[in-house]
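Content type CSV, C-alpha atoms, from the file entry.csv:
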chain,number,residue,atom,x,y,z
A,12,MET,CA,104.7,60.8,100.3
A,13,SER,CA,103.7,62.9,103.3
A,14,TRP,CA,106.1,65.8,103.9
A,15,ALA,CA,104.3,67.1,106.9
A,16,HIS,CA,105.4,64.1,108.9
A,17,GLU,CA,109.1,64.3,108.0
A,18,LYS,CA,111.6,66.3,109.9
A,19,PRO,CA,112.7,69.3,107.9
A,20,THR,CA,116.2,69.1,106.6
A,21,ILE,CA,118.5,71.5,108.4
A,22,PHE,CA,121.5,72.5,106.4
A,23,SER,CA,124.9,72.8,108.0
A,24,ASP,CA,124.8,76.6,108.2
A,25,GLU,CA,121.4,76.6,109.9
A,26,ASP,CA,120.7,76.3,113.5
A,27,GLU,CA,117.6,74.2,114.2
A,28,LEU,CA,117.1,75.8,117.7
A,29,GLN,CA,117.2,79.3,116.2
A,30,LEU,CA,114.7,78.3,113.5
A,31,LYS,CA,112.3,76.8,116.1
A,32,LEU,CA,112.6,79.9,118.3
A,33,GLU,CA,111.8,82.1,115.2
A,34,PHE,CA,108.8,79.8,114.4
A,35,ALA,CA,107.6,80.2,118.0
A,36,ARG,CA,107.9,84.0,117.8
A,37,LEU,CA,105.9,84.0,114.6
A,38,CYS,CA,103.3,81.7,116.2
A,39,ALA,CA,103.0,83.9,119.3
A,40,GLU,CA,102.5,87.0,117.1
A,41,ASP,CA,100.0,85.5,114.8
A,42,PRO,CA,98.5,82.3,116.2
A,43,SER,CA,95.8,82.1,113.5
A,44,ASN,CA,98.3,81.5,110.7
A,45,VAL,CA,100.5,78.7,112.0
A,46,HIS,CA,100.2,77.0,108.6
A,47,LEU,CA,102.0,80.0,106.9
A,48,HIS,CA,104.9,80.3,109.3
A,49,GLY,CA,106.7,77.4,107.8
A,50,TYR,CA,106.7,79.2,104.5
A,51,THR,CA,108.1,82.3,106.2
A,52,LEU,CA,111.0,80.3,107.6
A,53,PHE,CA,111.6,78.3,104.4
A,54,PRO,CA,110.5,80.5,101.5
A,55,GLY,CA,110.5,79.4,97.9
A,56,GLN,CA,109.2,76.5,95.9
A,57,HIS,CA,112.4,74.5,96.5
A,58,ASN,CA,111.8,74.6,100.3
A,59,TYR,CA,108.2,73.4,100.0
A,60,GLY,CA,108.9,70.1,101.8
A,61,ARG,CA,110.8,71.9,104.6
A,62,ALA,CA,108.0,74.4,105.1
A,63,MET,CA,105.4,71.7,105.3
A,64,ALA,CA,107.4,69.7,107.8
A,65,ALA,CA,108.1,72.8,109.9
A,66,GLN,CA,104.3,73.2,110.5
A,67,LYS,CA,104.6,70.2,112.8
A,68,TRP,CA,106.9,72.2,115.1
A,69,ILE,CA,103.9,73.7,116.8
A,70,ASP,CA,103.8,70.5,118.9
A,71,ASP,CA,107.5,70.6,119.7
A,72,PRO,CA,108.2,71.2,123.4
A,73,ILE,CA,110.8,73.9,122.7
A,74,VAL,CA,108.4,75.8,120.5
A,75,GLN,CA,105.6,75.5,123.1
A,76,ARG,CA,107.8,76.7,125.9
A,77,GLU,CA,109.0,79.7,123.8
A,78,ILE,CA,105.4,80.6,122.9
A,79,SER,CA,104.4,80.5,126.6
A,80,ARG,CA,107.4,82.6,127.5
A,81,LEU,CA,106.6,85.2,124.9
A,82,ARG,CA,102.9,85.4,125.8
A,83,GLN,CA,103.8,85.8,129.5
A,84,THR,CA,106.2,88.6,128.5
A,85,ASP,CA,103.3,90.2,126.6
A,86,ALA,CA,101.1,89.9,129.7
A,87,GLU,CA,103.8,91.5,131.9
A,88,VAL,CA,104.2,94.4,129.5
A,89,ALA,CA,100.5,94.9,129.2
A,90,ASP,CA,100.3,95.5,132.9
A,91,LEU,CA,102.8,98.4,132.5
A,92,LEU,CA,100.9,100.0,129.6
A,93,PRO,CA,98.6,103.0,130.3
A,94,GLY,CA,94.9,102.4,129.4
A,95,GLU,CA,95.0,103.9,125.9
A,96,LEU,CA,98.1,101.9,124.8
A,97,LEU,CA,96.7,98.7,126.3
A,98,TYR,CA,93.4,99.3,124.4
A,99,ALA,CA,95.3,100.0,121.2
A,100,LYS,CA,97.4,96.8,121.6
A,101,GLU,CA,94.3,94.8,122.2
A,102,ALA,CA,92.7,96.2,119.1
A,103,LEU,CA,95.8,95.5,116.9
A,104,ASP,CA,96.0,91.9,118.3
A,105,ARG,CA,92.4,91.3,117.4
A,106,SER,CA,92.8,92.8,114.0
A,107,ARG,CA,95.6,90.3,113.2
A,108,SER,CA,93.3,87.3,113.8
A,109,GLU,CA,90.3,88.8,111.9
A,110,ILE,CA,89.6,87.6,108.4
A,111,ASP,CA,86.9,90.1,107.4
A,112,ALA,CA,88.6,93.2,105.9
A,113,LYS,CA,85.9,95.6,107.2
A,114,VAL,CA,86.2,94.3,110.7
A,115,ARG,CA,90.0,94.5,110.5
A,116,PHE,CA,89.8,98.1,109.3
A,117,ASP,CA,87.5,98.9,112.3
A,118,TYR,CA,90.0,97.4,114.7
A,119,PHE,CA,92.8,99.5,113.1
A,120,LYS,CA,90.6,102.6,113.3
A,121,LEU,CA,90.0,101.9,117.1
A,122,ALA,CA,93.8,101.5,117.6
A,123,GLY,CA,94.5,104.7,115.7
A,124,GLU,CA,91.9,106.6,117.8
A,125,ALA,CA,93.3,105.3,121.0
A,126,LEU,CA,96.8,106.4,120.0
A,127,GLY,CA,95.6,109.8,118.9
A,128,TYR,CA,96.4,109.4,115.2
A,129,ILE,CA,92.7,109.8,114.3
A,130,SER,CA,90.6,112.6,115.6
A,131,LYS,CA,87.3,111.4,117.1
A,132,GLY,CA,85.7,114.7,116.1
A,133,LYS,CA,85.0,116.1,119.6
A,134,ASP,CA,88.1,118.3,119.7
A,135,THR,CA,87.5,119.8,116.2
A,136,ASN,CA,86.5,123.4,116.5
A,137,VAL,CA,86.3,124.9,113.1
A,138,ASN,CA,85.2,128.6,113.1
A,139,VAL,CA,85.3,129.7,109.5
A,140,ASN,CA,83.8,132.8,108.1
A,141,VAL,CA,83.3,132.6,104.4
A,142,VAL,CA,83.4,135.9,102.7
A,143,GLN,CA,82.7,136.2,99.0
A,144,ASN,CA,85.8,137.9,97.7
A,145,VAL,CA,85.4,137.2,94.0
A,146,ILE,CA,86.3,139.4,91.1
A,147,GLU,CA,83.3,139.6,88.9
A,148,VAL,CA,84.0,139.7,85.2
A,149,PRO,CA,81.2,140.5,82.8
A,150,THR,CA,81.0,138.2,79.9
A,151,ARG,CA,80.4,141.0,77.5
A,152,ALA,CA,81.9,144.4,77.9
A,153,THR,CA,82.1,147.1,75.3
A,154,GLU,CA,85.3,149.0,74.5
A,155,ASP,CA,83.9,152.0,76.5
A,156,GLU,CA,83.3,150.0,79.6
A,157,LEU,CA,86.7,148.3,79.7
A,158,PRO,CA,88.7,151.2,81.3
A,159,LEU,CA,86.1,151.6,84.0
A,160,LEU,CA,86.0,147.9,84.7
A,161,GLU,CA,89.8,147.6,84.8
A,162,GLY,CA,89.8,150.4,87.5
A,163,GLN,CA,87.2,148.6,89.5
A,164,TRP,CA,89.1,145.3,89.2
A,165,ALA,CA,92.4,146.9,90.3
A,166,GLU,CA,90.6,148.5,93.3
A,167,GLN,CA,89.0,145.2,94.3
A,168,GLN,CA,92.3,143.5,94.0
A,169,ARG,CA,94.0,146.0,96.3
A,170,ARG,CA,91.1,145.5,98.9
A,171,LEU,CA,91.5,141.7,98.7
A,172,ILE,CA,95.3,142.0,99.3
A,173,ALA,CA,94.8,144.4,102.2
A,174,ASP,CA,92.2,142.1,103.7
A,175,ALA,CA,94.5,139.1,103.4
A,176,ARG,CA,97.3,141.0,105.1
A,177,ALA,CA,95.1,142.2,107.9
A,178,SER,CA,93.7,138.7,108.6
A,179,ARG,CA,97.1,137.0,108.5
A,180,PRO,CA,98.3,135.9,111.9
A,181,ASN,CA,101.6,137.4,113.1

As C-alpha cells, what does this structure read like?
Amino acid sequence: MSWAHEKPTIFSDEDELQLKLEFARLCAEDPSNVHLHGYTLFPGQHNYGRAMAAQKWIDDPIVQREISRLRQTDAEVADLLPGELLYAKEALDRSRSEIDAKVRFDYFKLAGEALGYISKGKDTNVNVNVVQNVIEVPTRATEDELPLLEGQWAEQQRRLIADARASRPN
C-alpha cells in the first residue's frame, strides 16, 4: 500500500485549506526539508499515513500559490531592510539549508556579527595595567617574626584598599 499517493484524511474539526496554507508556510521557510513538513502537521506514529500523504501537497496549486506569495512578500520586505539586516537575513536563510554543522555555525556567526551580537574585534580597546598586589606569606616564619610580618601584612592590606578606592570610577 502506498500512502504517499493517498489523500490525507481530514477530520471534521480540521480545515484542509488551513493545513495546506500551514504546509506552504513551512515549505517557504525551509524548502530543503519538504519531506519533514508533513510530520510537523501530522505528528505522531498514528498519523504516519497522513504525514506521508501530505508530502504530495507540494504539487497542489493552492500550496504553490501560497509559497509564491510568501516568497514575494519576503522579497518586498528585503527591499526595505538596511544592508546589515538584509545580510543577516541572507546568512540565516542559507544556514537553514546547510547540512554541514560547521558551515551552519559560520552562517550563524556571520548573522550575529551583522546584527552586532558578536564583536568583530576591531572595536575592542582593552587598556589594562597589571599591578602585582599580592600579599606574600613566607612558608616558614618563627614566633619572633610573626608580629613583624602581621604588621607588614596589615599595612599592605591598607595600601591595597586605598589603591582600590582611588582607582574606582565615580

Just the residues within 8 Å of Ala122 in chain A, please, counting all atoms listed in the file, with nothing from its chain fewer than 5 positions along; format it as a PyMOL selection string. chain A and resi 98-100+102-103

Neighbour list for Leu121 in chain A as a VMD selection string, cut-off 12 Å, only C-alpha atoms, skip fewer than 5 positions in-chain: chain A and resid 95 to 106 114 to 116 126 to 131

By how many Å are CA of Val45 in chain A and CA of Asp117 in chain A apart?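 Distance reported for this atom pair: 24.0 Å.
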
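Here CA of Arg176 in chain A and CA of Leu160 in chain A stand 24.3 Å from one another.
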
One number please: CA of His57 in chain A to CA of Ser108 in chain A, in Å, one decimal.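 These atoms are spaced 28.8 Å apart.
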
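Using all atoms listed in the file, the shortest contact distance between Asp41 in chain A and any of A:Lys120, A:Ala152, A:Gln66, A:Arg107 is found at A:Arg107.
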
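Among A:Cys38, A:Ala62, A:Ala112, A:Ile172, the residue with the shortest atom-to-atom distance to Leu81 in chain A, counting all atoms listed in the file, is A:Cys38.
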
List the residues sitting within 12 Å of (101.4, 84.3, 117.1) in the file's frame, using only C-alpha atoms, as an MDAnalysis selection string. chainID A and resid 33:48 69 74:75 77:79 81:82 85 104:105 107:108

Which neighbours of Gly49 in chain A fall inside 10 Å, counting only C-alpha atoms, when residues of the same chain fewer than 6 positions from it are skipped, and could you give them as a list in words? Leu30, Phe34, Leu37, Asn58, Tyr59, Gly60, Arg61, Ala62, Met63, Ala64, Ala65, Gln66, Lys67 and Trp68 of chain A
